[in-house]
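One file, query_3.txt, carrying compact mmCIF, C-alpha atoms (C1' of nucleotides):
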```
# COMPACT_ATOMS: atom_id res chain seq x y z
CA MET X 53 -149.68 17.47 -16.71
CA LYS X 54 -151.42 18.90 -13.64
CA VAL X 55 -154.47 20.92 -14.58
CA SER X 56 -157.59 22.20 -12.90
CA THR X 57 -160.55 19.88 -13.21
CA VAL X 58 -164.10 20.85 -14.20
CA GLU X 59 -167.10 18.65 -13.47
CA ILE X 60 -168.07 16.84 -16.65
CA VAL X 61 -171.59 18.27 -17.01
CA LYS X 62 -170.31 21.80 -16.52
CA ALA X 63 -167.49 21.23 -18.97
CA ALA X 64 -169.99 19.99 -21.54
CA GLY X 65 -171.95 23.20 -21.00
CA ILE X 66 -168.89 25.31 -21.65
CA LEU X 67 -167.95 23.33 -24.73
CA LYS X 68 -171.46 23.64 -26.08
CA LEU X 69 -171.29 27.37 -25.48
CA LEU X 70 -168.00 27.61 -27.35
CA GLY X 71 -169.17 25.17 -30.00
CA ASP X 72 -170.47 28.01 -32.11
CA LYS X 73 -168.11 29.74 -34.52
CA THR X 74 -169.31 33.22 -33.63
CA ARG X 75 -168.92 32.76 -29.87
CA LEU X 76 -165.67 30.87 -30.22
CA THR X 77 -164.21 33.62 -32.38
CA MET X 78 -165.46 36.26 -29.94
CA VAL X 79 -163.72 34.56 -27.07
CA LYS X 80 -160.52 34.16 -29.08
CA ILE X 81 -160.60 37.86 -29.91
CA LEU X 82 -161.30 38.77 -26.28
CA ASP X 83 -158.33 36.66 -25.27
CA ALA X 84 -156.13 39.31 -26.87
CA ASN X 85 -158.23 42.50 -26.62
CA ASP X 86 -161.27 43.83 -24.86
CA CYS X 87 -164.15 44.68 -27.19
CA CYS X 88 -167.56 46.25 -27.24
CA VAL X 89 -170.71 45.03 -28.92
CA CYS X 90 -170.60 47.43 -31.84
CA GLU X 91 -167.15 46.17 -32.78
CA PHE X 92 -168.43 42.62 -32.89
CA VAL X 93 -171.34 43.76 -35.00
CA GLU X 94 -168.82 45.08 -37.53
CA ILE X 95 -166.53 42.09 -37.35
CA PHE X 96 -169.21 39.46 -37.76
CA LYS X 97 -171.52 41.47 -40.02
CA MET X 98 -174.39 40.36 -37.87
CA SER X 99 -177.32 42.23 -36.35
CA GLN X 100 -176.78 43.90 -33.00
CA PRO X 101 -179.37 41.76 -31.22
CA ALA X 102 -177.77 38.59 -32.53
CA ILE X 103 -174.41 39.71 -31.15
CA SER X 104 -175.94 40.80 -27.85
CA GLN X 105 -177.55 37.42 -27.47
CA HIS X 106 -174.30 35.56 -28.06
CA ILE X 107 -172.53 37.77 -25.57
CA ARG X 108 -175.22 37.26 -23.01
CA LYS X 109 -174.71 33.53 -23.12
CA LEU X 110 -171.01 34.00 -22.57
CA LYS X 111 -171.73 36.36 -19.70
CA ASP X 112 -174.34 34.10 -18.11
CA ALA X 113 -171.84 31.26 -18.13
CA GLY X 114 -169.26 33.48 -16.44
CA VAL X 115 -166.85 33.31 -19.35
CA VAL X 116 -166.86 37.04 -20.02
CA ARG X 117 -167.40 40.12 -17.92
CA GLU X 118 -168.77 43.52 -18.81
CA ALA X 119 -167.72 47.00 -17.81
CA ARG X 120 -169.51 50.11 -18.86
CA ARG X 121 -167.39 52.90 -20.27
CA GLY X 122 -169.60 55.82 -21.06
CA GLN X 123 -171.83 54.92 -23.92
CA TRP X 124 -170.14 51.60 -24.52
CA ILE X 125 -170.07 48.35 -22.65
CA ILE X 126 -166.66 46.77 -22.88
CA TYR X 127 -166.43 43.00 -22.65
CA SER X 128 -163.42 41.05 -21.51
CA LEU X 129 -162.52 37.50 -20.58
CA LYS X 130 -163.26 36.72 -16.96
CA LYS X 131 -159.94 35.35 -15.88
CA GLU X 132 -161.06 34.44 -12.37
CA SER X 133 -163.64 32.04 -13.75
CA ASP X 134 -163.30 28.39 -12.75
CA TYR X 135 -163.52 27.66 -16.45
CA TYR X 136 -160.78 30.01 -17.49
CA PRO X 137 -157.96 27.42 -17.42
CA LEU X 138 -160.00 25.11 -19.65
CA VAL X 139 -160.99 27.92 -21.99
CA GLN X 140 -157.46 29.29 -22.12
CA ASN X 141 -156.07 25.90 -22.97
CA LEU X 142 -158.55 25.51 -25.73
CA LEU X 143 -157.87 28.92 -27.20
CA ASN X 144 -154.24 27.96 -27.55
CA HIS X 145 -155.30 25.61 -30.31
CA LEU X 146 -156.93 28.35 -32.38
CA PRO X 147 -155.25 30.60 -34.92
CA ASN X 148 -154.79 34.19 -33.89
CA GLN X 149 -157.68 36.49 -34.84
CA ASP X 150 -155.95 39.82 -34.33
CA PHE X 151 -156.31 40.64 -38.02
CA LYS X 152 -160.03 41.12 -37.43
CA LEU X 153 -159.44 44.02 -35.05
CA LYS X 154 -156.66 45.35 -37.29
CA GLU X 155 -159.17 45.64 -40.09
CA LEU X 156 -161.50 47.61 -37.83
CA GLU X 157 -158.71 49.97 -36.86
CA GLU X 158 -157.87 50.58 -40.50
CA GLN X 159 -161.48 51.51 -41.10
CA GLY X 160 -161.46 53.80 -38.06
CA LEU X 161 -164.07 51.66 -36.37
CA ARG X 162 -162.08 50.52 -33.37
CA ILE X 163 -163.58 51.75 -30.10
CA SER X 164 -161.99 50.19 -27.05
CA CYS X 165 -158.38 51.18 -27.58
CA GLU X 166 -158.73 54.80 -28.58
CA MET L 247 -146.80 26.94 -25.30
CA LYS L 248 -146.48 25.51 -28.81
CA VAL L 249 -149.56 23.57 -29.80
CA SER L 250 -151.18 22.36 -32.98
CA THR L 251 -153.71 24.78 -34.41
CA VAL L 252 -157.20 23.94 -35.68
CA GLU L 253 -159.15 26.21 -38.00
CA ILE L 254 -161.73 28.07 -35.94
CA VAL L 255 -164.84 26.76 -37.71
CA LYS L 256 -163.61 23.19 -37.40
CA ALA L 257 -162.72 23.69 -33.76
CA ALA L 258 -166.22 25.02 -33.11
CA GLY L 259 -167.58 21.87 -34.71
CA ILE L 260 -165.52 19.66 -32.43
CA LEU L 261 -166.50 21.64 -29.35
CA LYS L 262 -170.15 21.44 -30.29
CA LEU L 263 -169.76 17.70 -30.72
CA LEU L 264 -168.18 17.39 -27.29
CA GLY L 265 -170.60 19.88 -25.78
CA ASP L 266 -172.95 17.10 -24.85
CA LYS L 267 -172.50 15.33 -21.53
CA THR L 268 -173.04 11.89 -22.98
CA ARG L 269 -170.55 12.29 -25.81
CA LEU L 270 -168.04 14.10 -23.63
CA THR L 271 -168.19 11.33 -21.03
CA MET L 272 -167.86 8.70 -23.74
CA VAL L 273 -164.73 10.33 -25.07
CA LYS L 274 -163.27 10.65 -21.59
CA ILE L 275 -163.93 6.96 -20.97
CA LEU L 276 -162.41 6.03 -24.33
CA ASP L 277 -159.35 8.05 -23.43
CA ALA L 278 -158.57 5.36 -20.86
CA ASN L 279 -160.23 2.23 -22.28
CA ASP L 280 -161.73 0.95 -25.51
CA CYS L 281 -165.45 0.21 -25.28
CA CYS L 282 -168.31 -1.27 -27.22
CA VAL L 283 -171.80 0.07 -27.69
CA CYS L 284 -173.48 -2.30 -25.26
CA GLU L 285 -171.19 -1.12 -22.48
CA PHE L 286 -172.17 2.47 -23.11
CA VAL L 287 -175.81 1.44 -23.08
CA GLU L 288 -175.27 0.07 -19.57
CA ILE L 289 -173.21 3.01 -18.38
CA PHE L 290 -175.55 5.71 -19.60
CA LYS L 291 -178.81 3.83 -19.09
CA MET L 292 -179.90 4.99 -22.51
CA SER L 293 -181.44 3.16 -25.44
CA GLN L 294 -179.08 1.40 -27.83
CA PRO L 295 -180.09 3.57 -30.81
CA ALA L 296 -179.43 6.73 -28.81
CA ILE L 297 -175.93 5.50 -27.99
CA SER L 298 -175.31 4.40 -31.57
CA GLN L 299 -176.27 7.82 -32.82
CA HIS L 300 -173.95 9.61 -30.43
CA ILE L 301 -171.11 7.33 -31.44
CA ARG L 302 -171.82 7.87 -35.08
CA LYS L 303 -171.36 11.59 -34.68
CA LEU L 304 -168.04 11.02 -32.97
CA LYS L 305 -167.02 8.65 -35.75
CA ASP L 306 -168.16 10.96 -38.54
CA ALA L 307 -166.06 13.74 -37.06
CA GLY L 308 -163.04 11.44 -36.94
CA VAL L 309 -162.77 11.57 -33.17
CA VAL L 310 -163.27 7.85 -32.65
CA ARG L 311 -162.58 4.76 -34.70
CA GLU L 312 -164.31 1.40 -34.78
CA ALA L 313 -162.98 -2.13 -35.01
CA ARG L 314 -165.18 -5.15 -35.22
CA ARG L 315 -164.31 -7.97 -32.87
CA GLY L 316 -166.66 -10.83 -33.52
CA GLN L 317 -170.09 -9.84 -32.48
CA TRP L 318 -168.97 -6.58 -30.99
CA ILE L 319 -167.73 -3.35 -32.44
CA ILE L 320 -165.06 -1.84 -30.27
CA TYR L 321 -164.63 1.90 -30.29
CA SER L 322 -161.46 3.74 -29.47
CA LEU L 323 -160.08 7.27 -29.68
CA LYS L 324 -158.56 8.02 -33.06
CA LYS L 325 -155.18 9.30 -32.01
CA GLU L 326 -154.03 10.21 -35.52
CA SER L 327 -156.87 12.70 -35.87
CA ASP L 328 -155.92 16.32 -36.47
CA TYR L 329 -158.21 17.09 -33.58
CA TYR L 330 -156.65 14.69 -31.14
CA PRO L 331 -154.26 17.19 -29.55
CA LEU L 332 -157.12 19.59 -28.89
CA VAL L 333 -159.37 16.82 -27.58
CA GLN L 334 -156.62 15.36 -25.45
CA ASN L 335 -155.88 18.72 -23.93
CA LEU L 336 -159.49 19.22 -23.12
CA LEU L 337 -159.89 15.80 -21.53
CA ASN L 338 -157.10 16.67 -19.13
CA HIS L 339 -159.50 19.07 -17.49
CA LEU L 340 -162.10 16.41 -16.78
CA PRO L 341 -162.27 14.14 -13.74
CA ASN L 342 -161.40 10.51 -14.35
CA GLN L 343 -164.37 8.33 -15.25
CA ASP L 344 -162.76 4.92 -14.69
CA PHE L 345 -165.22 4.17 -11.90
CA LYS L 346 -167.93 3.78 -14.53
CA LEU L 347 -166.16 0.83 -16.15
CA LYS L 348 -165.23 -0.55 -12.72
CA GLU L 349 -168.91 -0.72 -11.89
CA LEU L 350 -169.56 -2.65 -15.09
CA GLU L 351 -166.80 -5.10 -14.27
CA GLU L 352 -168.25 -5.68 -10.83
CA GLN L 353 -171.57 -6.52 -12.43
CA GLY L 354 -169.85 -8.82 -14.91
CA LEU L 355 -170.93 -6.64 -17.80
CA ARG L 356 -167.54 -5.61 -19.09
CA ILE L 357 -166.88 -6.83 -22.64
CA SER L 358 -163.79 -5.31 -24.19
CA CYS L 359 -161.15 -6.39 -21.72
CA GLU L 360 -162.11 -10.00 -21.10
C1' DT Q 188 -185.44 68.63 -22.67
C1' DG Q 189 -185.38 65.87 -26.85
C1' DC Q 190 -182.34 63.49 -30.35
C1' DT Q 191 -178.75 60.17 -31.24
C1' DT Q 192 -176.01 56.23 -30.27
C1' DA Q 193 -175.10 51.83 -27.87
C1' DT Q 194 -176.98 48.04 -25.93
C1' DA Q 195 -180.54 44.76 -24.04
C1' DT Q 196 -184.69 42.25 -24.14
C1' DA Q 197 -188.90 39.94 -25.91
C1' DA Q 198 -191.64 37.42 -29.20
C1' DG Q 199 -191.74 34.47 -32.93
C1' DC Q 200 -190.18 31.39 -36.42
C1' DA Q 201 -187.21 28.08 -39.10
C1' DG Q 202 -183.86 24.78 -38.74
C1' DA Q 203 -181.06 21.72 -35.80
C1' DT Q 204 -180.70 18.33 -32.12
C1' DT Q 205 -181.77 14.31 -29.36
C1' DA Q 206 -184.54 11.12 -27.88
C1' DT Q 207 -188.03 7.26 -29.11
C1' DT Q 208 -189.97 3.22 -31.67
C1' DA Q 209 -189.65 0.17 -35.39
C1' DT Q 210 -186.88 -2.25 -38.40
C1' DA Q 211 -182.63 -3.92 -40.90
C1' DT Q 212 -178.06 -6.04 -40.90
C1' DA Q 213 -174.24 -8.86 -39.26
C1' DT Q 214 -172.18 -12.29 -36.38
C1' DT Q 215 -172.35 -16.36 -33.48
C1' DA Q 216 -174.12 -20.51 -31.81
C1' DA Q 217 -177.49 -24.33 -31.65
C1' DT I 16 -180.86 -22.99 -41.22
C1' DT I 17 -182.87 -20.75 -37.30
C1' DA I 18 -182.56 -18.12 -33.10
C1' DA I 19 -180.15 -14.90 -30.31
C1' DT I 20 -177.16 -11.03 -29.68
C1' DA I 21 -174.94 -6.64 -31.09
C1' DT I 22 -175.30 -2.86 -33.79
C1' DA I 23 -177.07 0.48 -37.33
C1' DT I 24 -180.50 3.08 -39.61
C1' DA I 25 -184.95 5.43 -40.53
C1' DA I 26 -188.96 7.92 -39.30
C1' DT I 27 -190.81 10.87 -36.13
C1' DA I 28 -191.87 13.89 -32.16
C1' DA I 29 -190.30 17.15 -28.64
C1' DT I 30 -187.17 20.38 -27.44
C1' DC I 31 -183.46 23.66 -28.26
C1' DT I 32 -180.96 27.23 -31.01
C1' DG I 33 -180.02 31.24 -33.40
C1' DC I 34 -181.67 34.32 -36.09
C1' DT I 35 -185.25 38.22 -37.19
C1' DT I 36 -188.14 42.29 -36.03
C1' DA I 37 -189.91 45.33 -32.70
C1' DT I 38 -189.23 47.72 -28.66
C1' DA I 39 -187.05 49.26 -24.19
C1' DT I 40 -183.29 51.30 -21.60
C1' DA I 41 -179.28 54.11 -20.74
C1' DA I 42 -175.72 57.47 -21.73
C1' DG I 43 -174.07 61.61 -24.23
C1' DC I 44 -174.89 65.75 -26.55
C1' DA I 45 -177.25 69.90 -28.75
```

Could you render the structure from this file as structure tokens?
Amino acid sequence: MKVSTVEIVKAAGILKLLGDKTRLTMVKILDANDCCVCEFVEIFKMSQPAISQHIRKLKDAGVVREARRGQWIIYSLKKESDYYPLVQNLLNHLPNQDFKLKELEEQGLRISCE
Amino acid sequence: MKVSTVEIVKAAGILKLLGDKTRLTMVKILDANDCCVCEFVEIFKMSQPAISQHIRKLKDAGVVREARRGQWIIYSLKKESDYYPLVQNLLNHLPNQDFKLKELEEQGLRISCE
DNA sequence: TGCTTATATAAGCAGATTATTATATATTAA
DNA sequence: TTAATATATAATAATCTGCTTATATAAGCA
């Protein structure tokens, strides 16, 4: 298999970043749908600052990207990242998390796709 | 792509485990060659207890396996592990580390393959 | 303009992590 | 049996992490 290679220290950094169930789930969700912070707050039942801090780490590492849309800041996977092939490959081993956003929609709490 | 799936919390655990440059390098080396603790001590220029403790984490998670051979305990990747497909996939994104063992051989410090 | 909502940032603290030193155990060889 | 080598384990100290609370910033709306 021919795949893109990431320097070992950088790869360890990415794995450490994703080695947290909240961030890993976030990234898996973002792999299928863009999301804003308040949606993650609902999904994870965590405080807004806690979510913001997780997202910041993902952003600082270049794994996600932000885009303001009015009041909201929409996050998405940064597909041009050097790490994207590695991350993508990894996400393939995780069960789909779409049900989490489905639940939000049913509660009328979905923002990004309205 | 059809791949084996790992529960998200468990996957995060594995990624956290591998999110350390020493352990990640160890696993990449073990992907190509079995090794004993004293070789890792040489390779990483770290204390023996530090190496032992890293290896123990890998062993506790079921990522590596040990086999005593006389005085030495030889470690190898545990290919039957549920996590092996994920780990293997991940290792494909890392540059080869064979040169590290080559250096040991040149210094006459290689154990496992004598 | 001032209020509300969404998000970010900063400070602080508790628990986790990773190294160190000291010591124990197991195997081999003299 | 004793000494040497390889490894593991325990205690501990320093650093890192991930939350909390408090506060700042930015956009939308009355």

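Near DT38 of chain I, within 12 Å and counting all atoms listed in the file, sit Pro101 of chain X; DA195, DT196, DA197 and DA198 of chain Q, not including residues fewer than 5 positions from it in the same chain.
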
Compile a residue-level contact table for chain X against chain L at a cut-off of 9 Å, reporting for every qualifying residue the shortest atom pair and its distance in Å to one decimal, with all atoms listed in the file counted, rows ordered by chain and ascending number, as a tab-separated table.
```
residue	atom	partner	partner_atom	distance
X:Met53	CA	L:Asn338	CA	7.8
X:Lys54	CA	L:Asn338	CA	8.2
X:Val55	CA	L:His339	CA	6.1
X:Ser56	CA	L:His339	CA	5.9
X:Thr57	CA	L:His339	CA	4.5
X:Val58	CA	L:Leu340	CA	5.5
X:Glu59	CA	L:Leu340	CA	6.4
X:Ile60	CA	L:Leu340	CA	6.0
X:Val61	CA	L:Lys267	CA	5.5
X:Lys62	CA	L:Lys267	CA	8.5
X:Ala63	CA	L:Leu340	CA	7.6
X:Ala64	CA	L:Gly265	CA	4.3
X:Gly65	CA	L:Gly265	CA	6.0
X:Ile66	CA	L:Gly265	CA	7.0
X:Leu67	CA	L:Gly265	CA	4.5
X:Lys68	CA	L:Gly265	CA	3.9
X:Leu69	CA	L:Gly265	CA	7.5
X:Leu70	CA	L:Leu261	CA	6.5
X:Gly71	CA	L:Lys262	CA	3.9
X:Asp72	CA	L:Ala258	CA	5.3
X:Lys73	CA	L:Ala258	CA	5.3
X:Thr74	CA	L:Ala258	CA	8.8
X:Arg75	CA	L:Ala258	CA	8.8
X:Leu76	CA	L:Ala258	CA	6.5
X:Thr77	CA	L:Ile254	CA	7.0
X:Pro137	CA	L:His339	CA	8.5
X:Leu138	CA	L:His339	CA	6.4
X:Val139	CA	L:Leu336	CA	8.9
X:Asn141	CA	L:Asn335	CA	7.2
X:Leu142	CA	L:Leu332	CA	6.9
X:Asn144	CA	L:Val249	CA	6.8
X:His145	CA	L:Thr251	CA	4.5
X:Leu146	CA	L:Thr251	CA	5.2
X:Pro147	CA	L:Thr251	CA	6.0
```

Would you mind listing, as a list in words, all residues of chain L that have at least one atom within 10 Å of chain Q, where only C-alpha atoms (C1' of nucleotides) are what counts?
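My answer is Met292, Ser293, Pro295, Ala296, Gln299, His300, Arg315, Gly316, Gln317 and Trp318 of chain L.
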
What gap, in Å, lies between atom CA of Val116 of chain X and atom CA of Ser104 of chain X?
12.6 Å

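Here atom CA of Ser322 of chain L stands at a distance of 26.4 Å from atom C1' of DA19 of chain I.
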
Taking only C-alpha atoms (C1' of nucleotides) into account, name the residue in I:DC44, I:DA23, I:DA39, I:DC34 that is nearest to chain X.
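Result for the nearest residue to chain X: I:DC34.
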
Could you list, as a count of residues only, the residues of chain I having an atom within 10 Å of chain L when counting all atoms listed in the file?
5

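Here atom CA of Leu153 of chain X is placed at a distance of 9.2 Å from atom CA of Cys87 of chain X.
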
Nearest to DT32 of chain I, restricted to only C-alpha atoms (C1' of nucleotides) and choosing among X:Lys109, X:Lys131, X:Arg162, X:Lys97, comes out as X:Lys109
